[in-house]
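Everything below belongs to run-v5.txt, which stores compact mmCIF, C-alpha atoms (C1' of nucleotides).
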# COMPACT_ATOMS: atom_id res chain seq x y z
CA MET A 1 83.99 -9.53 -18.01
CA GLU A 2 85.20 -10.72 -21.38
CA LEU A 3 85.04 -14.46 -20.91
CA THR A 4 86.33 -15.66 -24.23
CA GLN A 5 89.53 -13.72 -24.00
CA GLU A 6 90.24 -15.21 -20.59
CA MET A 7 89.76 -18.71 -21.92
CA ILE A 8 92.28 -18.09 -24.64
CA LYS A 9 95.02 -17.45 -22.12
CA GLY A 10 96.96 -20.56 -21.46
CA THR A 11 96.28 -21.96 -24.89
CA VAL A 12 98.82 -19.65 -26.49
CA VAL A 13 101.95 -21.53 -25.51
CA PRO A 14 100.89 -25.04 -26.52
CA VAL A 15 99.50 -23.78 -29.82
CA ILE A 16 102.69 -21.89 -30.69
CA LEU A 17 104.83 -24.91 -29.89
CA LYS A 18 102.59 -27.27 -31.81
CA LEU A 19 102.55 -25.16 -34.97
CA LEU A 20 106.30 -24.66 -34.87
CA ALA A 21 106.70 -28.41 -34.42
CA GLU A 22 104.96 -28.82 -37.74
CA ARG A 23 107.19 -26.35 -39.54
CA ALA A 24 109.22 -23.17 -39.03
CA MET A 25 107.16 -20.02 -39.22
CA TYR A 26 107.51 -16.31 -38.60
CA GLY A 27 105.38 -14.31 -36.21
CA TYR A 28 103.05 -12.64 -38.61
CA GLU A 29 102.47 -15.96 -40.31
CA LEU A 30 101.59 -17.64 -37.01
CA ILE A 31 98.86 -15.09 -36.42
CA ARG A 32 97.42 -15.63 -39.87
CA VAL A 33 97.54 -19.41 -39.64
CA VAL A 34 95.95 -19.56 -36.21
CA ASN A 35 93.14 -17.21 -37.14
CA GLU A 36 92.47 -19.22 -40.29
CA ARG A 37 92.70 -22.68 -38.76
CA THR A 38 90.38 -21.76 -35.91
CA HIS A 39 88.02 -19.65 -38.02
CA ASN A 40 88.72 -16.76 -35.66
CA ALA A 41 87.75 -18.71 -32.56
CA LEU A 42 91.23 -17.78 -31.42
CA GLN A 43 91.93 -14.23 -32.48
CA TRP A 44 95.61 -13.66 -31.91
CA LYS A 45 96.97 -10.15 -31.72
CA GLU A 46 100.52 -8.98 -32.27
CA GLY A 47 100.71 -7.44 -28.81
CA THR A 48 100.15 -10.89 -27.36
CA LEU A 49 102.19 -13.04 -29.70
CA TYR A 50 105.49 -11.20 -30.03
CA PRO A 51 106.19 -10.99 -26.29
CA TRP A 52 105.48 -14.72 -26.06
CA LEU A 53 107.88 -15.53 -28.87
CA HIS A 54 110.58 -13.60 -27.02
CA ARG A 55 109.81 -15.34 -23.74
CA LEU A 56 109.83 -18.79 -25.30
CA GLU A 57 113.10 -18.04 -27.04
CA ALA A 58 114.62 -16.77 -23.79
CA ASP A 59 113.56 -20.05 -22.20
CA GLY A 60 115.16 -22.01 -25.01
CA LEU A 61 111.96 -23.64 -26.22
CA ILE A 62 112.13 -22.08 -29.67
CA ARG A 63 114.89 -20.42 -31.68
CA GLY A 64 114.44 -17.54 -34.08
CA GLU A 65 116.56 -16.76 -37.10
CA TRP A 66 116.39 -13.88 -39.54
CA ASP A 67 115.96 -14.94 -43.12
CA GLU A 68 115.36 -13.15 -46.34
CA ALA A 69 112.19 -14.05 -48.20
CA ALA A 70 112.14 -14.26 -52.00
CA SER A 71 110.61 -10.80 -52.02
CA GLY A 72 113.70 -9.47 -50.28
CA ARG A 73 111.78 -8.80 -47.08
CA GLN A 74 113.35 -9.77 -43.77
CA ARG A 75 111.48 -12.28 -41.67
CA LYS A 76 112.30 -13.93 -38.36
CA TYR A 77 111.62 -17.63 -38.67
CA TYR A 78 111.13 -19.58 -35.47
CA ARG A 79 111.63 -23.30 -35.09
CA ILE A 80 111.12 -25.54 -32.08
CA THR A 81 114.07 -26.85 -30.08
CA ARG A 82 114.54 -30.24 -28.47
CA LYS A 83 113.65 -28.65 -25.14
CA GLY A 84 110.59 -27.11 -26.75
CA ALA A 85 109.45 -30.47 -28.08
CA ALA A 86 109.54 -31.86 -24.56
CA ALA A 87 107.60 -28.86 -23.26
CA LEU A 88 105.07 -29.34 -26.04
CA GLU A 89 104.37 -32.88 -25.01
CA LYS A 90 103.92 -31.83 -21.39
CA THR A 91 101.69 -28.88 -22.11
CA VAL A 92 99.46 -30.80 -24.52
CA HIS A 93 98.94 -33.41 -21.84
CA GLU A 94 98.01 -30.66 -19.38
CA TRP A 95 95.54 -29.23 -21.85
CA VAL A 96 93.89 -32.59 -22.44
CA THR A 97 93.60 -33.19 -18.71
CA LEU A 98 92.15 -29.78 -18.06
CA SER A 99 89.73 -29.68 -20.98
CA SER A 100 88.47 -33.16 -20.18
CA ALA A 101 87.84 -32.15 -16.59
CA VAL A 102 86.02 -28.98 -17.60
CA ASN A 103 84.00 -30.80 -20.24
CA ALA A 104 82.96 -33.41 -17.71
CA ILE A 105 81.35 -30.66 -15.67
CA LEU A 106 80.03 -28.35 -18.38
CA LEU A 107 78.57 -31.02 -20.60
CA ALA A 108 76.96 -33.02 -17.83
CA PRO A 109 73.19 -33.19 -18.26
CA SER A 110 71.44 -30.45 -16.33
CA MET A 111 69.20 -31.64 -13.55
CA ALA A 112 65.63 -30.71 -14.18
CA MET B 1 105.65 -19.82 -16.73
CA GLU B 2 103.05 -21.92 -14.98
CA LEU B 3 101.01 -23.14 -17.90
CA THR B 4 98.32 -25.10 -16.15
CA GLN B 5 97.26 -22.21 -13.95
CA GLU B 6 96.93 -19.97 -16.98
CA MET B 7 94.69 -22.48 -18.69
CA ILE B 8 92.41 -22.59 -15.69
CA LYS B 9 91.59 -18.92 -16.04
CA GLY B 10 88.48 -18.49 -18.07
CA THR B 11 87.04 -21.82 -17.04
CA VAL B 12 86.09 -20.47 -13.63
CA VAL B 13 82.96 -18.61 -14.63
CA PRO B 14 81.27 -21.32 -16.70
CA VAL B 15 82.07 -23.94 -14.08
CA ILE B 16 80.63 -21.86 -11.24
CA LEU B 17 77.46 -21.17 -13.21
CA LYS B 18 77.08 -24.78 -14.26
CA LEU B 19 77.45 -26.15 -10.74
CA LEU B 20 75.03 -23.60 -9.32
CA ALA B 21 72.58 -24.49 -12.08
CA GLU B 22 72.60 -28.02 -10.70
CA ARG B 23 71.93 -26.92 -7.12
CA ALA B 24 72.55 -24.09 -4.68
CA MET B 25 75.92 -24.28 -2.99
CA TYR B 26 78.12 -22.19 -0.73
CA GLY B 27 81.64 -21.08 -1.58
CA TYR B 28 83.62 -23.50 0.46
CA GLU B 29 81.49 -26.31 -0.91
CA LEU B 30 82.11 -25.24 -4.50
CA ILE B 31 85.85 -25.52 -3.97
CA ARG B 32 85.51 -28.97 -2.48
CA VAL B 33 83.17 -30.22 -5.21
CA VAL B 34 85.28 -28.88 -8.07
CA ASN B 35 88.48 -30.35 -6.70
CA GLU B 36 86.78 -33.71 -6.22
CA ARG B 37 84.96 -33.84 -9.55
CA THR B 38 88.10 -32.95 -11.47
CA HIS B 39 90.46 -35.05 -9.36
CA ASN B 40 92.43 -31.88 -8.68
CA ALA B 41 92.91 -31.05 -12.36
CA LEU B 42 91.28 -27.77 -11.41
CA GLN B 43 92.62 -26.71 -8.05
CA TRP B 44 90.47 -23.85 -6.94
CA LYS B 45 91.70 -21.49 -4.25
CA GLU B 46 89.64 -19.26 -1.99
CA GLY B 47 91.48 -16.16 -3.15
CA THR B 48 90.20 -16.86 -6.66
CA LEU B 49 86.69 -18.05 -5.96
CA TYR B 50 85.32 -15.52 -3.49
CA PRO B 51 86.09 -12.45 -5.58
CA TRP B 52 84.40 -14.15 -8.52
CA LEU B 53 81.28 -14.94 -6.51
CA HIS B 54 81.06 -11.27 -5.57
CA ARG B 55 81.55 -10.15 -9.15
CA LEU B 56 78.95 -12.56 -10.51
CA GLU B 57 76.49 -11.47 -7.84
CA ALA B 58 77.14 -7.81 -8.64
CA ASP B 59 76.39 -8.64 -12.27
CA GLY B 60 73.16 -10.36 -11.28
CA LEU B 61 74.14 -13.79 -12.59
CA ILE B 62 73.92 -15.45 -9.20
CA ARG B 63 72.30 -14.53 -5.90
CA GLY B 64 73.68 -15.32 -2.48
CA GLU B 65 71.67 -15.77 0.67
CA TRP B 66 72.81 -16.44 4.20
CA ASP B 67 71.36 -19.57 5.67
CA GLU B 68 71.87 -21.46 8.86
CA ALA B 69 73.08 -25.02 8.49
CA ALA B 70 71.78 -27.75 10.78
CA SER B 71 75.00 -27.37 12.76
CA GLY B 72 74.09 -23.74 13.48
CA ARG B 73 76.90 -22.50 11.27
CA GLN B 74 76.21 -19.62 8.92
CA ARG B 75 76.73 -20.28 5.23
CA LYS B 76 76.14 -18.15 2.18
CA TYR B 77 74.28 -20.21 -0.38
CA TYR B 78 74.45 -19.08 -3.98
CA ARG B 79 71.92 -19.96 -6.63
CA ILE B 80 71.81 -19.06 -10.30
CA THR B 81 69.45 -16.39 -11.62
CA ARG B 82 67.51 -16.32 -14.87
CA LYS B 83 70.15 -13.96 -16.24
CA GLY B 84 72.85 -16.33 -15.03
CA ALA B 85 71.23 -19.25 -16.82
CA ALA B 86 71.38 -17.32 -20.08
CA ALA B 87 75.01 -16.44 -19.44
CA LEU B 88 75.74 -20.09 -18.70
CA GLU B 89 74.41 -21.17 -22.06
CA LYS B 90 76.47 -18.55 -23.83
CA THR B 91 79.69 -19.26 -21.98
CA VAL B 92 79.42 -23.02 -22.42
CA HIS B 93 79.02 -22.49 -26.12
CA GLU B 94 82.11 -20.30 -26.10
CA TRP B 95 84.05 -22.95 -24.27
CA VAL B 96 83.03 -25.67 -26.71
CA THR B 97 84.01 -23.50 -29.67
CA LEU B 98 87.34 -22.62 -28.15
CA SER B 99 88.29 -26.07 -26.92
CA SER B 100 87.33 -27.64 -30.24
CA ALA B 101 89.50 -25.14 -32.09
CA VAL B 102 92.45 -25.73 -29.78
CA ASN B 103 92.03 -29.50 -29.93
CA ALA B 104 91.96 -29.39 -33.70
CA ILE B 105 95.44 -27.91 -33.62
CA LEU B 106 96.98 -29.67 -30.66
CA LEU B 107 95.72 -33.15 -31.49
CA ALA B 108 96.53 -32.98 -35.17
CA PRO B 109 99.04 -35.63 -36.18
CA SER B 110 102.58 -34.30 -36.10
CA MET B 111 104.30 -34.18 -39.43
CA ALA B 112 107.29 -36.41 -39.57
C1' DG C 1 91.12 -24.14 26.64
C1' DA C 2 93.50 -25.52 22.79
C1' DT C 3 93.76 -27.46 18.36
C1' DG C 4 92.04 -28.02 13.98
C1' DA C 5 88.43 -28.15 10.45
C1' DC C 6 85.05 -25.22 8.65
C1' DA C 7 83.54 -20.87 6.40
C1' DC C 8 83.79 -16.31 5.29
C1' DC C 9 86.65 -12.45 3.65
C1' DT C 10 90.58 -8.83 1.83
C1' DC C 11 94.96 -7.17 0.31
C1' DG C 12 99.09 -6.67 -2.54
C1' DG C 13 102.56 -8.39 -5.68
C1' DA C 14 103.37 -10.52 -9.97
C1' DA C 15 101.86 -11.79 -14.45
C1' DC C 16 99.33 -11.12 -18.51
C1' DA C 17 96.41 -9.24 -22.79
C1' DC C 18 95.96 -5.94 -25.95
C1' DG C 19 95.18 -1.30 -27.91
C1' DA C 20 97.92 2.15 -29.50
C1' DG C 21 101.86 3.57 -31.09
C1' DG C 22 106.26 3.19 -33.61
C1' DT C 23 109.66 1.66 -37.60
C1' DA C 24 110.66 -0.14 -42.05
C1' DT C 25 109.91 -2.53 -46.61
C1' DG C 26 107.53 -4.21 -50.65
C1' DT C 27 103.57 -3.59 -54.09
C1' DA C 28 99.92 -1.35 -56.59
C1' DA C 29 97.58 2.64 -58.34
C1' DC C 30 97.50 7.01 -60.17
C1' DG D 1 107.26 9.63 -57.98
C1' DT D 2 104.28 9.62 -54.44
C1' DT D 3 100.45 8.01 -52.15
C1' DA D 4 98.37 4.22 -49.99
C1' DC D 5 98.09 -0.22 -48.27
C1' DA D 6 99.60 -4.79 -46.76
C1' DT D 7 103.40 -6.91 -44.73
C1' DA D 8 106.52 -7.56 -40.79
C1' DC D 9 108.77 -6.41 -36.81
C1' DC D 10 108.58 -4.29 -32.14
C1' DT D 11 107.38 -1.79 -27.24
C1' DC D 12 104.80 0.55 -23.77
C1' DG D 13 100.90 1.56 -20.47
C1' DT D 14 96.57 0.50 -18.72
C1' DG D 15 93.53 -2.55 -16.87
C1' DT D 16 92.57 -7.12 -15.29
C1' DT D 17 93.49 -11.32 -12.99
C1' DC D 18 95.43 -15.04 -9.81
C1' DC D 19 96.59 -16.48 -5.52
C1' DG D 20 99.53 -16.61 -1.30
C1' DA D 21 99.18 -14.70 2.96
C1' DG D 22 96.72 -12.92 6.27
C1' DG D 23 92.52 -11.95 9.06
C1' DT D 24 87.83 -13.08 11.56
C1' DG D 25 84.72 -16.10 13.76
C1' DT D 26 82.35 -20.83 14.69
C1' DC D 27 81.93 -25.62 15.95
C1' DA D 28 83.73 -30.17 17.52
C1' DT D 29 87.02 -32.89 19.96
C1' DC D 30 90.19 -33.86 23.31
Translate this file's structure into structure tokens.
Amino acid sequence: MELTQEMIKGTVVPVILKLLAERAMYGYELIRVVNERTHNALQWKEGTLYPWLHRLEADGLIRGEWDEAASGRQRKYYRITRKGAAALEKTVHEWVTLSSAVNAILLAPSMA
Amino acid sequence: MELTQEMIKGTVVPVILKLLAERAMYGYELIRVVNERTHNALQWKEGTLYPWLHRLEADGLIRGEWDEAASGRQRKYYRITRKGAAALEKTVHEWVTLSSAVNAILLAPSMA
DNA sequence: GATGACACCTCGGAACACGAGGTATGTAAC
DNA sequence: GTTACATACCTCGTGTTCCGAGGTGTCATC
């Protein structure tokens, strides 16, 4: 019964879309940025992220493109599509609705 | 790719514990109360709730007891245990940490 | 006596996370 | 030059979960 991990589900998609809306990034970078920005509250793993990137690309929400870094290393940079931007807006709204509802219950004062 | 349903996962346990910390309730009642309090933002289903009640009882976080309602109908009232109260505190803290981290990303101003 | 709300439950298919494993390249140390 | 590590991509299998569909029985109403 690993609660935290369960909570993380469902936040993956909006967070990916949001970060890619800010700027194009490659998979490994996304993991690093998320772990840093959330101080490891969200601990993303490769086994979770890569399949999602493929799914989102298949759905046309993001588009990946191989590019050569200055070091000469190949990286696959993803950027958000128009369709993805629309999905982002929708999913953020869903998150706000849900988290507000949950907060309203969890943070209500306990009855004595 | 049903995002909202995915998000709901992980919120089930803290919400159950919190509501039972307020007062003893039976399963069917929990579903009704949650759907009302969240205006259907969380739409709980029986197929999700009942297995969780059994799991939480098996883990000693809640305790169920059959009781006869005034109508004569049998209901299984659940109440939180001492162990459950500790788990509630922990899981609420986890939720706050997680939702704050996600909000920090999702609600950040988009770069132009 | 039939219909529908209440109240409990289980089962099975589909979806998902993630650990473990794999490949390949650049960099640093020795 | 080769060993070792960080980078960077990927897939597969196991275990876990949701929830629609189905089942049982009770009570109230008509």
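Any residue of chain D with an atom no more than 10 Å from chain A counts as a contact; using all atoms listed in the file, that gives DT7, DA8, DC9, DC10, DT11, DT16 and DT17 of chain D.
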For chain C, list the residues within 12 Å of chain A, counting only C-alpha atoms (C1' of nucleotides), and write the list as an mmCIF file with C-alpha atoms (C1' of nucleotides), keeping the file's coordinate frame.
data_model
loop_
_atom_site.group_PDB
_atom_site.id
_atom_site.type_symbol
_atom_site.label_atom_id
_atom_site.label_comp_id
_atom_site.auth_asym_id
_atom_site.auth_seq_id
_atom_site.Cartn_x
_atom_site.Cartn_y
_atom_site.Cartn_z
ATOM 1 C "C1'" DA C 15 101.860 -11.790 -14.450
ATOM 2 C "C1'" DC C 16 99.330 -11.120 -18.510
ATOM 3 C "C1'" DA C 17 96.410 -9.240 -22.790
ATOM 4 C "C1'" DC C 18 95.960 -5.940 -25.950
ATOM 5 C "C1'" DG C 19 95.180 -1.300 -27.910
ATOM 6 C "C1'" DA C 20 97.920 2.150 -29.500
ATOM 7 C "C1'" DG C 21 101.860 3.570 -31.090
ATOM 8 C "C1'" DA C 24 110.660 -0.140 -42.050
ATOM 9 C "C1'" DT C 25 109.910 -2.530 -46.610
ATOM 10 C "C1'" DG C 26 107.530 -4.210 -50.650
ATOM 11 C "C1'" DT C 27 103.570 -3.590 -54.090
#
Just need the residues of chain B within 10 Å of chain A, counting all atoms listed in the file, so spit them out as a PyMOL selection string. chain B and resi 1-19+21-23+34+37-42+55-56+59+88-112
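Between atom CA of A:Gly64 and atom CA of A:Leu20 the interatomic distance comes to 10.8 Å.
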